[in-house]
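K.L.:
Following this line is query-v1.txt, made up of compact mmCIF, C-alpha atoms:
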# COMPACT_ATOMS: atom_id res chain seq x y z
CA MET A 567 0.00 0.00 0.00
CA TRP A 568 2.78 2.44 0.89
CA LEU A 569 4.51 1.66 -2.42
CA ILE A 570 1.33 2.42 -4.37
CA LEU A 571 0.81 5.71 -2.55
CA ALA A 572 4.45 6.67 -3.08
CA ALA A 573 4.21 5.85 -6.78
CA LEU A 574 1.04 7.92 -7.17
CA SER A 575 2.59 10.84 -5.30
CA THR A 576 5.73 10.71 -7.47
CA LEU A 577 3.65 10.47 -10.63
CA ALA A 578 1.50 13.44 -9.60
CA THR A 579 4.60 15.51 -8.84
CA PHE A 580 6.92 14.80 -11.78
CA ALA A 581 4.65 13.67 -14.65
CA PRO A 582 3.51 17.21 -15.53
CA ILE A 583 7.16 18.30 -15.74
CA TYR A 584 8.07 15.80 -18.46
CA PHE A 585 4.67 15.30 -20.04
CA HIS A 586 3.12 18.73 -20.56
CA ARG A 587 -0.11 17.33 -21.89
CA PHE A 588 -0.52 15.16 -18.80
CA ALA A 589 -2.99 16.86 -16.54
CA VAL A 590 -3.18 15.80 -12.92
CA PRO A 591 -6.52 16.35 -11.18
CA HIS A 592 -6.17 18.81 -8.32
CA TRP A 593 -7.71 16.37 -5.83
CA ILE A 594 -5.08 13.65 -6.35
CA VAL A 595 -2.36 14.97 -4.04
CA PRO A 596 -4.71 15.89 -1.13
CA ALA A 597 -6.45 12.52 -1.52
CA ILE A 598 -3.14 10.70 -1.29
CA GLY A 599 -2.31 12.67 1.87
CA ILE A 600 -5.66 11.86 3.45
CA VAL A 601 -5.35 8.15 2.66
CA ALA A 602 -1.83 8.07 4.09
CA TRP A 603 -3.02 9.94 7.21
CA LEU A 604 -5.78 7.35 7.72
CA ILE A 605 -3.66 4.31 7.05
CA ALA A 606 -0.69 5.26 9.28
CA PRO A 607 -2.65 5.21 12.59
CA TYR A 608 -4.35 1.98 11.58
CA ARG A 609 -1.01 0.29 10.90
CA LEU A 610 0.28 1.57 14.25
CA TYR A 611 -2.86 0.26 15.97
CA VAL A 612 -2.45 -3.19 14.39
CA HIS A 613 1.24 -3.26 15.38
CA GLN A 614 0.43 -2.35 18.99
CA GLU A 615 -2.32 -4.95 19.19
CA ASN A 616 0.12 -7.61 18.01
CA GLU A 617 2.69 -6.46 20.60
CA ILE A 618 0.06 -6.56 23.37
CA ALA A 619 -1.02 -10.08 22.37
CA LEU A 620 2.62 -11.21 22.40
CA LEU A 621 3.19 -9.72 25.86
CA LYS A 622 0.02 -11.36 27.19
CA ASN A 623 1.24 -14.74 25.93
CA LYS A 624 4.62 -14.23 27.63
CA LEU A 625 2.95 -13.22 30.90
CA ALA A 626 0.70 -16.28 30.75
CA GLU A 627 3.76 -18.50 30.29
CA LEU A 628 5.49 -16.87 33.27
CA GLU A 629 2.39 -17.26 35.44
CA GLN A 630 2.29 -20.96 34.64
CA LYS A 631 5.93 -21.32 35.71
CA GLU A 632 5.88 -19.21 38.89
CA PRO A 633 5.48 -20.98 42.25
CA LYS A 634 1.96 -21.82 43.39
CA LEU A 635 1.92 -22.95 47.01
CA VAL A 636 -0.78 -25.05 48.65
CA ILE A 637 -0.86 -26.29 52.26
CA HIS A 638 -2.46 -29.68 52.95
CA ARG A 639 -3.31 -30.56 56.56
CA GLN A 640 -2.26 -33.93 57.90
CA ASN A 641 -3.48 -35.70 61.05
CA ARG A 642 -0.66 -35.42 63.65
CA SER A 643 -0.88 -31.71 64.50
CA ALA A 644 -0.64 -31.15 68.26
CA PHE A 645 0.45 -28.69 70.95
CA TYR A 646 2.24 -29.05 74.29
CA VAL A 647 2.20 -26.63 77.21
CA HIS A 648 5.78 -26.17 78.33
CA ARG A 649 6.41 -26.12 82.09
CA GLU A 650 9.36 -26.28 84.46
CA PRO A 651 10.04 -29.79 85.83
CA HIS A 652 8.99 -30.52 89.44
CA GLN A 653 12.53 -30.73 90.75
CA VAL A 654 13.28 -27.24 89.46
CA ALA A 655 10.08 -25.30 90.10
CA GLY A 656 8.42 -27.35 92.83
CA PRO A 657 4.92 -28.90 92.76
CA ALA A 658 3.20 -25.58 93.47
CA ALA A 659 5.02 -23.58 90.82
CA MET A 660 4.06 -25.28 87.57
CA ALA A 661 3.12 -22.08 85.75
CA PRO A 662 3.35 -22.52 81.97
CA LEU A 663 6.35 -21.07 80.18
CA GLY A 664 4.94 -21.27 76.68
CA ALA A 665 3.60 -23.67 74.08
CA TYR A 666 5.25 -25.92 71.52
CA LEU A 667 3.21 -26.35 68.32
CA GLU A 668 3.53 -29.13 65.77
CA PHE A 669 1.92 -28.48 62.38
CA ASP A 670 1.70 -31.76 60.50
CA LEU A 671 1.44 -30.73 56.87
CA THR A 672 2.37 -31.05 53.24
CA ILE A 673 3.48 -27.95 51.34
CA GLU A 674 2.90 -28.44 47.63
CA ASN A 675 4.33 -26.30 44.85
CA LYS A 676 2.15 -26.53 41.73
CA GLY A 677 4.37 -24.15 39.75
CA GLU A 678 7.45 -25.05 37.73
CA LEU A 679 9.91 -22.80 39.57
CA ASN A 680 11.35 -23.62 42.99
CA SER A 681 9.90 -21.81 45.99
CA VAL A 682 11.80 -20.80 49.13
CA VAL A 683 9.38 -20.16 51.98
CA ALA A 684 11.02 -17.52 54.17
CA ARG A 685 8.20 -16.04 56.25
CA PHE A 686 5.71 -17.65 58.63
CA ASP A 687 2.79 -15.84 60.30
CA LEU A 688 0.68 -17.52 62.94
CA GLN A 689 -2.66 -16.59 64.45
CA ILE A 690 -3.90 -18.66 67.40
CA ASP A 691 -7.45 -18.26 68.67
CA ASP A 692 -7.61 -17.13 72.32
CA VAL A 693 -3.82 -16.80 72.44
CA GLY A 694 -2.69 -14.14 69.95
CA GLU A 695 -0.94 -13.31 66.70
CA PHE A 696 2.70 -14.12 66.01
CA PRO A 697 3.97 -12.45 62.81
CA LYS A 698 7.30 -13.47 61.29
CA ILE A 699 7.66 -16.41 63.66
CA THR A 700 10.62 -18.74 63.10
CA PRO A 701 10.47 -22.56 63.16
CA GLN A 702 12.03 -23.99 66.34
CA PRO A 703 12.59 -27.75 66.21
CA ARG A 704 13.09 -29.46 69.60
CA ASN A 705 13.87 -32.97 70.70
CA TYR A 706 11.89 -32.89 73.95
CA ILE A 707 9.31 -30.76 75.72
CA GLN A 708 8.51 -30.82 79.43
CA THR A 709 4.81 -30.77 80.37
CA ARG A 710 3.33 -31.04 83.86
CA ASN A 711 3.92 -34.76 84.23
CA VAL A 712 5.86 -35.97 81.21
CA ASN A 713 9.00 -35.02 79.31
CA PHE A 714 7.75 -35.78 75.82
CA GLY A 715 10.03 -37.02 73.04
CA LEU A 716 8.97 -35.15 69.92
CA ALA A 717 8.62 -36.17 66.29
CA GLN A 718 11.78 -35.40 64.33
CA ASP A 719 10.53 -35.52 60.75
CA PHE A 720 10.68 -31.74 60.34
CA VAL A 721 10.18 -30.03 56.98
CA THR A 722 13.10 -27.81 58.00
CA ARG A 723 15.62 -27.38 60.80
CA GLY A 724 16.38 -23.83 59.72
CA ASP A 725 14.35 -20.69 59.09
CA LYS A 726 13.42 -21.47 55.46
CA VAL A 727 11.68 -24.27 53.55
CA LEU A 728 12.67 -25.20 49.99
CA VAL A 729 9.77 -26.56 47.93
CA PRO A 730 10.92 -27.70 44.46
CA GLY A 731 8.80 -26.97 41.40
CA ARG A 732 6.06 -29.52 40.70
CA ASN A 733 6.88 -31.19 44.00
CA PHE A 734 6.12 -31.12 47.73
CA VAL A 735 7.64 -31.40 51.20
CA ARG A 736 5.98 -33.41 53.97
CA GLY A 737 6.50 -33.41 57.74
CA ILE A 738 6.27 -31.36 60.93
CA LEU A 739 6.61 -27.58 60.94
CA PRO A 740 7.44 -26.71 64.60
CA PHE A 741 6.99 -23.42 66.46
CA TYR A 742 7.43 -22.26 70.03
CA VAL A 743 5.44 -19.33 71.46
CA GLU A 744 6.09 -17.78 74.84
CA LYS A 745 2.41 -17.65 75.67
CA ALA A 746 0.42 -20.74 76.66
CA PRO A 747 -3.30 -21.38 76.23
CA ALA A 748 -5.52 -21.82 79.27
CA ASP A 749 -5.48 -25.23 80.98
CA THR A 750 -9.11 -25.72 79.97
CA ILE A 751 -8.31 -25.60 76.24
CA THR A 752 -7.89 -29.04 74.74
CA GLU A 753 -7.75 -27.98 71.07
CA LEU A 754 -6.13 -24.96 69.48
CA HIS A 755 -7.51 -23.40 66.32
CA CYS A 756 -4.75 -21.74 64.31
CA THR A 757 -4.26 -20.03 60.95
CA LEU A 758 -0.83 -20.51 59.39
CA THR A 759 0.32 -18.22 56.55
CA ILE A 760 3.50 -18.91 54.60
CA THR A 761 5.19 -16.54 52.14
CA ASP A 762 8.12 -17.25 49.85
CA THR A 763 10.91 -14.97 48.63
CA ASN A 764 8.81 -14.01 45.58
CA ASP A 765 5.91 -12.88 47.83
CA VAL A 766 3.84 -15.92 46.84
CA ALA A 767 1.68 -16.65 49.89
CA THR A 768 -0.92 -19.14 51.02
CA LYS A 769 -2.64 -19.98 54.31
CA GLU A 770 -4.49 -22.83 55.99
CA THR A 771 -6.40 -23.38 59.25
CA PHE A 772 -5.40 -26.13 61.67
CA SER A 773 -6.83 -27.75 64.77
CA LEU A 774 -4.08 -28.85 67.18
CA ARG A 775 -4.96 -31.32 69.92
CA ARG A 776 -3.37 -31.05 73.35
CA ASN A 777 -0.73 -33.59 74.35
CA GLY A 778 0.06 -33.74 78.06
CA ASN A 779 -0.97 -31.14 80.65
I'd like the structure from this file rewritten - as structure tokens, please.
P.N.:
Amino acid sequence: MWLILAALSTLATFAPIYFHRFAVPHWIVPAIGIVAWLIAPYRLYVHQENEIALLKNKLAELEQKEPKLVIHRQNRSAFYVHREPHQVAGPAAMAPLGAYLEFDLTIENKGELNSVVARFDLQIDDVGEFPKITPQPRNYIQTRNVNFGLAQDFVTRGDKVLVPGRNFVRGILPFYVEKAPADTITELHCTLTITDTNDVATKETFSLRRNGN
């Protein structure tokens, strides 16, 4: 189209110079300008639409690859009220020191890229909120009457959890809070939120049964 318009414009400009009998209608040059003025924005519009469609396809591909975290509850979640042993505190001084929480879970990554979970936020009904809490694995926990040996199949022993793409990690995610629930509470209702280094987050609610006193 641009070649045709250019040829017409050239013909209208130079033909009368070399061919004196060749008469060019006065409307030809303005008409060519108008057509060019109409076509140029349309071509730009089509080009931009193609670029937008290409960008949308690239974004869709990236979204399919980025981490997608899902928490699945398992059936061993529990909590323990931590107390001083009798020989240290005495029978009348068994005030709780805190609570040890075991979240039995599977963290699944449905995306293609690896995910590094680096932040944990915990909300416990009737106890409080604990933002940016760090996992604290322990071997034992002292309750009123028993020094419990704890499960050791932790999803991490550090402060981060690596979840490979299209894969999962399974085990205990342990936390310790320096605030214990009331002695009358036999089940804790908690909301756990995890966030990875790319700000991909997910959350799940748990019910933790009491072990020991």
K.L.:
Have a look at A:Phe772, A:Phe720, A:Phe734, A:Phe741 and name the one nearest to Leu667 in chain A; count only C-alpha atoms.
P.N.:
A:Phe741
K.L.:
Quick one: residues within 7 Å of Ile637 in chain A, only C-alpha atoms, excluding same-chain residues fewer than 4 positions away - as a count of residues only?
P.N.:
6
K.L.:
For Pro701 in chain A, work out the shell of residues within 8 Å, counting all atoms listed in the file and skipping chain neighbours fewer than 3 positions away, then give it as a PyMOL selection string.
P.N.:
chain A and resi 722-725+739-742
K.L.:
Fewer than 4 positions away in the same chain doesn't count, so skip those; otherwise give me all residues within 12 Å of Leu635 in chain A, counting all atoms listed in the file, as a PDB file with C-alpha atoms, in the frame of the given file.
P.N.:
ATOM      1  CA  THR A 672       2.370 -31.050  53.240  1.00  0.00           C
ATOM      2  CA  ILE A 673       3.480 -27.950  51.340  1.00  0.00           C
ATOM      3  CA  GLU A 674       2.900 -28.440  47.630  1.00  0.00           C
ATOM      4  CA  ASN A 675       4.330 -26.300  44.850  1.00  0.00           C
ATOM      5  CA  LYS A 676       2.150 -26.530  41.730  1.00  0.00           C
ATOM      6  CA  GLY A 677       4.370 -24.150  39.750  1.00  0.00           C
ATOM      7  CA  GLU A 678       7.450 -25.050  37.730  1.00  0.00           C
ATOM      8  CA  LEU A 679       9.910 -22.800  39.570  1.00  0.00           C
ATOM      9  CA  ASN A 680      11.350 -23.620  42.990  1.00  0.00           C
ATOM     10  CA  SER A 681       9.900 -21.810  45.990  1.00  0.00           C
ATOM     11  CA  VAL A 682      11.800 -20.800  49.130  1.00  0.00           C
ATOM     12  CA  VAL A 683       9.380 -20.160  51.980  1.00  0.00           C
ATOM     13  CA  VAL A 727      11.680 -24.270  53.550  1.00  0.00           C
ATOM     14  CA  LEU A 728      12.670 -25.200  49.990  1.00  0.00           C
ATOM     15  CA  VAL A 729       9.770 -26.560  47.930  1.00  0.00           C
ATOM     16  CA  PRO A 730      10.920 -27.700  44.460  1.00  0.00           C
ATOM     17  CA  GLY A 731       8.800 -26.970  41.400  1.00  0.00           C
ATOM     18  CA  ARG A 732       6.060 -29.520  40.700  1.00  0.00           C
ATOM     19  CA  ASN A 733       6.880 -31.190  44.000  1.00  0.00           C
ATOM     20  CA  PHE A 734       6.120 -31.120  47.730  1.00  0.00           C
ATOM     21  CA  VAL A 735       7.640 -31.400  51.200  1.00  0.00           C
ATOM     22  CA  THR A 759       0.320 -18.220  56.550  1.00  0.00           C
ATOM     23  CA  ILE A 760       3.500 -18.910  54.600  1.00  0.00           C
ATOM     24  CA  THR A 761       5.190 -16.540  52.140  1.00  0.00           C
ATOM     25  CA  ASP A 762       8.120 -17.250  49.850  1.00  0.00           C
ATOM     26  CA  ASN A 764       8.810 -14.010  45.580  1.00  0.00           C
ATOM     27  CA  ASP A 765       5.910 -12.880  47.830  1.00  0.00           C
ATOM     28  CA  VAL A 766       3.840 -15.920  46.840  1.00  0.00           C
ATOM     29  CA  ALA A 767       1.680 -16.650  49.890  1.00  0.00           C
ATOM     30  CA  THR A 768      -0.920 -19.140  51.020  1.00  0.00           C
ATOM     31  CA  LYS A 769      -2.640 -19.980  54.310  1.00  0.00           C
ATOM     32  CA  GLU A 770      -4.490 -22.830  55.990  1.00  0.00           C
TER      33      GLU A 770
END
K.L.:
One decimal, Å: what's the distance from CA of His755 in chain A over to CA of Asp691 in chain A, could you say?
P.N.:
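Interatomic distance here is 5.7 Å.
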K.L.:
Suppose you want the space between CA of Leu754 in chain A and CA of Asp692 in chain A; what is it in Å?
P.N.:
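Going from CA of Leu754 in chain A over to CA of Asp692 in chain A covers 8.5 Å.
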K.L.:
Work out how far CA of Ala644 in chain A is from CA of Tyr666 in chain A, in Å to one decimal.
P.N.:
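Here the two named atoms are 8.5 Å from each other.
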K.L.:
Which residue gives the smallest distance to Ala748 in chain A among A:Pro697, A:Gln689, A:Gly715, A:Val647, with all atoms listed in the file counted?
P.N.:
A:Val647
